[in-house]
Amino acid sequence: MKLKTKQAVVGWTFIIPFLIVVLCMLFIPLAYAYYLSSHQNTLVGGNKFVWFSNYKTVFTDPLFLEGLKRVALFGLIQIPLMLGIALLAALVLDTVNSKMAKVFRLVAFLPYAVPAVVGALMWGFLDSNTFGPFGKILLHLGFKSVDLFAPSAFIYTIGNIVTWAWTGYNMIVIYSALRGLPRDAYESALIDGASQVQIARYIKIPAIKNALILTFIFCVIGTMQIYTEPSILSRYTQAVSLGYTPNIYAYSLAFSQSQFNYSAAVSFALALVVFIASYGFFAFNRRRESQS
């Protein structure tokens with residue numbers, strides 16, 4: 001057997017198990033979900049193919065549109081805030097070389113290691129008016145009848161949990177990109193009298209633009225898929241309705257109302273919205289780069 005043939009056999013021996021796992025765990029479930037989304041169960045005709053009828057219904061469904069609008073507004077506020085904190089922390093860490101900086105990186109990353117369900121339950125305890133400390137602290141500070149689970153305030157409670165859980169992760173991604181930059185430009189700028197703020201603004205941030213774009217896309221995808229936090233905390237509040245988020249709506253349709261076909265269509269419609277938003281951002285960024 002020739003050397004190239006042996007190398008090909010060895011390569012495919014390592015690749016085939018991975019391909020089988022991807023096929024069984026990703027493509028086959030997606031194909032079945034699409035099959036469900038393109039069919040409809042009726043009392044008269046049974047299970048029949050309806051083309052894109054379910055998708056047309058989804059994009060005119062007020063509950064789906066309500067949840068989509070809520071997570072979009074949530075992302076407009078929460079994503080810039082979280083990435084701003086992560087970027088600021090990463091820039092500070094990049095300029096500080098001490099043992100405390102290593103400890104801070106570890107502590108900041110720890111919330112990401114906590115399972116989302118555990119984190120939601122923990123914050124549900126902390127924000128509770130009955131036995132949580134935060135409500136009592138706010139009362140002592142002069143705020144009256146503070147209810148962090150009220151319908152008007154609940155979205156901010158979720159934002160606090162998401163920011164706590166994901167800021168450290170985004171900080172590590174940005175910090176890793178900063179550590180990969182050459183130090184020659186920093187030293188030249190320092191010799192020329194540039195401050196750390198000027199170095200961060202004109203050298204570091206433009207150089208890690210790709211990492212910032214990556215974290216932004218991840219945040220958009222995660223925001224559109226919010227489910228765990230409002231689902232776990234729904235026992236404490238009346239704010240979580242059937243269409244509070246698209247994922248909660250899809251779950252309720254499938255497992256509370258047994259509308260599996262329509263639930264699959266809702267899930268694919270949400271994926272389509274995320275894809276369009278991500279692609280639109282990439283296209284906008286490319287156009288800005290070409291113009292500059």
# chains A, B, ... in the order shown; residues from 1 in each chain; ligands from 1
>>> closest_atom_pairs(of="stretch 52-79 of chain A", to="stretch 243-251 of chain A", cutoff="7 Å", atoms="only C-alpha atoms", output="CSV")
residue,atom,partner,partner_atom,distance
A:Leu63,CA,A:Gly243,CA,4.8
A:Phe64,CA,A:Pro246,CA,5.8
A:Glu66,CA,A:Gly243,CA,6.6
A:Gly67,CA,A:Thr245,CA,4.1
A:Leu68,CA,A:Pro246,CA,6.1
A:Val71,CA,A:Thr245,CA,6.6
>>> select_by_dssp(residues="stretch 7-175 of chain A", states="strand (DSSP E or B)", output="short mmCIF file (atom, residue, chain, number, x, y, z; two decimals) with N, CA and C atoms, in the first residue's frame")
data_model
loop_
_atom_site.label_atom_id
_atom_site.label_comp_id
_atom_site.auth_asym_id
_atom_site.auth_seq_id
_atom_site.Cartn_x
_atom_site.Cartn_y
_atom_site.Cartn_z
N HIS A 39 -45.27 19.85 7.48
CA HIS A 39 -46.48 19.03 7.48
C HIS A 39 -47.47 19.56 8.51
N GLN A 40 -48.67 19.08 8.41
CA GLN A 40 -49.73 19.53 9.32
C GLN A 40 -50.68 18.36 9.58
N ASN A 41 -51.02 18.17 10.85
CA ASN A 41 -51.97 17.12 11.22
C ASN A 41 -53.38 17.70 11.27
N THR A 42 -54.28 17.11 10.53
CA THR A 42 -55.68 17.53 10.52
C THR A 42 -56.58 16.35 10.84
N GLY A 46 -55.47 13.91 7.99
CA GLY A 46 -54.32 13.34 8.68
C GLY A 46 -53.08 14.19 8.49
N ASN A 47 -51.93 13.54 8.41
CA ASN A 47 -50.67 14.24 8.26
C ASN A 47 -50.43 14.54 6.78
N LYS A 48 -50.42 15.80 6.40
CA LYS A 48 -50.27 16.15 4.99
C LYS A 48 -49.22 17.24 4.81
N PHE A 49 -48.62 17.24 3.64
CA PHE A 49 -47.59 18.21 3.30
C PHE A 49 -48.23 19.54 2.94
#
>>> residues_around(residues="A:Phe125", least_positions_apart="4", cutoff="12 Å", atoms="only C-alpha atoms", output="PDB file with N, CA and C atoms, in the first residue's frame")
ATOM      1  N   VAL A 118     -28.838  26.223  37.622  1.00  0.00           N
ATOM      2  CA  VAL A 118     -28.367  26.533  38.982  1.00  0.00           C
ATOM      3  C   VAL A 118     -28.240  28.039  39.159  1.00  0.00           C
ATOM      4  N   GLY A 119     -27.697  28.717  38.139  1.00  0.00           N
ATOM      5  CA  GLY A 119     -27.563  30.167  38.231  1.00  0.00           C
ATOM      6  C   GLY A 119     -28.903  30.869  38.346  1.00  0.00           C
ATOM      7  N   ALA A 120     -29.892  30.414  37.566  1.00  0.00           N
ATOM      8  CA  ALA A 120     -31.225  31.023  37.634  1.00  0.00           C
ATOM      9  C   ALA A 120     -31.861  30.800  38.997  1.00  0.00           C
ATOM     10  N   LEU A 121     -31.739  29.604  39.547  1.00  0.00           N
ATOM     11  CA  LEU A 121     -32.287  29.322  40.881  1.00  0.00           C
ATOM     12  C   LEU A 121     -31.589  30.161  41.952  1.00  0.00           C
ATOM     13  N   ASN A 129     -38.345  38.710  47.184  1.00  0.00           N
ATOM     14  CA  ASN A 129     -38.763  39.671  48.216  1.00  0.00           C
ATOM     15  C   ASN A 129     -38.964  39.003  49.566  1.00  0.00           C
ATOM     16  N   THR A 130     -39.206  37.697  49.553  1.00  0.00           N
ATOM     17  CA  THR A 130     -39.518  36.986  50.798  1.00  0.00           C
ATOM     18  C   THR A 130     -38.272  36.717  51.626  1.00  0.00           C
ATOM     19  N   PHE A 131     -37.242  36.144  50.990  1.00  0.00           N
ATOM     20  CA  PHE A 131     -36.051  35.776  51.753  1.00  0.00           C
ATOM     21  C   PHE A 131     -34.752  36.203  51.076  1.00  0.00           C
ATOM     22  N   GLY A 132     -34.838  36.966  49.983  1.00  0.00           N
ATOM     23  CA  GLY A 132     -33.630  37.416  49.301  1.00  0.00           C
ATOM     24  C   GLY A 132     -33.055  38.680  49.902  1.00  0.00           C
ATOM     25  N   PRO A 133     -31.750  38.862  49.841  1.00  0.00           N
ATOM     26  CA  PRO A 133     -31.121  40.044  50.457  1.00  0.00           C
ATOM     27  C   PRO A 133     -31.254  41.317  49.633  1.00  0.00           C
ATOM     28  N   PHE A 134     -31.334  41.203  48.301  1.00  0.00           N
ATOM     29  CA  PHE A 134     -31.298  42.404  47.466  1.00  0.00           C
ATOM     30  C   PHE A 134     -32.525  43.286  47.665  1.00  0.00           C
ATOM     31  N   GLY A 135     -33.693  42.655  47.759  1.00  0.00           N
ATOM     32  CA  GLY A 135     -34.906  43.426  47.989  1.00  0.00           C
ATOM     33  C   GLY A 135     -34.862  44.168  49.306  1.00  0.00           C
ATOM     34  N   LEU A 148     -38.526  42.739  42.227  1.00  0.00           N
ATOM     35  CA  LEU A 148     -37.681  42.472  41.076  1.00  0.00           C
ATOM     36  C   LEU A 148     -38.282  41.461  40.113  1.00  0.00           C
ATOM     37  N   PHE A 149     -39.422  40.858  40.506  1.00  0.00           N
ATOM     38  CA  PHE A 149     -40.107  39.912  39.624  1.00  0.00           C
ATOM     39  C   PHE A 149     -41.410  40.491  39.073  1.00  0.00           C
ATOM     40  N   ILE A 232     -37.214  29.008  34.370  1.00  0.00           N
ATOM     41  CA  ILE A 232     -36.975  28.620  35.763  1.00  0.00           C
ATOM     42  C   ILE A 232     -37.617  29.606  36.727  1.00  0.00           C
ATOM     43  N   LEU A 233     -37.538  30.904  36.411  1.00  0.00           N
ATOM     44  CA  LEU A 233     -38.055  31.938  37.308  1.00  0.00           C
ATOM     45  C   LEU A 233     -39.541  32.206  37.128  1.00  0.00           C
ATOM     46  N   ARG A 235     -41.950  30.583  38.122  1.00  0.00           N
ATOM     47  CA  ARG A 235     -42.688  30.242  39.348  1.00  0.00           C
ATOM     48  C   ARG A 235     -42.750  31.420  40.319  1.00  0.00           C
ATOM     49  N   TYR A 236     -41.870  32.413  40.122  1.00  0.00           N
ATOM     50  CA  TYR A 236     -41.833  33.560  41.021  1.00  0.00           C
ATOM     51  C   TYR A 236     -42.584  34.774  40.483  1.00  0.00           C
TER      52      TYR A 236
END
>>> atom_distance(atom1="atom CA of A:Tyr32", atom2="atom CA of A:Phe255")
17.0 Å
>>> residues_around(residues="A:Phe268", least_positions_apart="3", cutoff="9 Å", atoms="only C-alpha atoms", output="compact mmCIF listing (two decimals) with C-alpha atoms, in the first residue's frame")
# COMPACT_ATOMS: atom_id res chain seq x y z
CA ALA A 33 -37.63 18.82 12.41
CA TYR A 34 -37.93 20.34 8.93
CA SER A 37 -42.45 21.93 10.08
CA TYR A 55 -44.07 29.46 8.21
CA SER A 263 -43.58 24.14 17.09
CA ALA A 264 -40.95 22.94 14.61
CA ALA A 265 -41.95 25.75 12.23
CA ALA A 271 -33.24 30.16 13.28
CA LEU A 272 -33.97 32.02 10.03
CA VAL A 273 -34.27 35.33 11.88
>>> residues_around(residues="stretch 201-215 of chain A", least_positions_apart="4", cutoff="10 Å", atoms="only C-alpha atoms", output="list in words")
Ile79, Leu83, Leu87, Leu91, Asp94, Tyr169, Asn170, Met171, Val173, Ile174, Tyr175, Ser176, Ala177, Leu178, Gly180, Leu181, Ala185, Tyr186, Ala189, Ser195, Gln196, Val197, Cys219, Val220, Ile221, Phe281, Phe282 and Asn285 of chain A
>>> select_by_dssp(residues="stretch 43-190 of chain A", states="helix (DSSP H, G or I)", output="ChimeraX atom specification")
/A:53-58,62-95,99-113,116-127,133-140,154-179,184-190
>>> atom_distance(atom1="atom CA of A:Val96", atom2="atom CA of A:Ile77")
29.4 Å
>>> residues_around(residues="stretch 150-158 of chain A", least_positions_apart="6", cutoff="8 Å", atoms="only C-alpha atoms", output="JSON, numbers by chain")
{"A": [74, 229, 230, 237, 238, 239]}
>>> residues_around(residues="A:Ala72", least_positions_apart="3", cutoff="8 Å", atoms="only C-alpha atoms", output="PyMOL selection string")
chain A and resi 68-69+75-76+223-224
>>> atom_distance(atom1="atom CA of A:Val50", atom2="atom CA of A:Ala254")
18.5 Å
>>> closest_residue(among="A:Ser267, A:Tyr262, A:Ala86, A:Asp61", to="A:Leu30", atoms="only C-alpha atoms")
A:Ser267
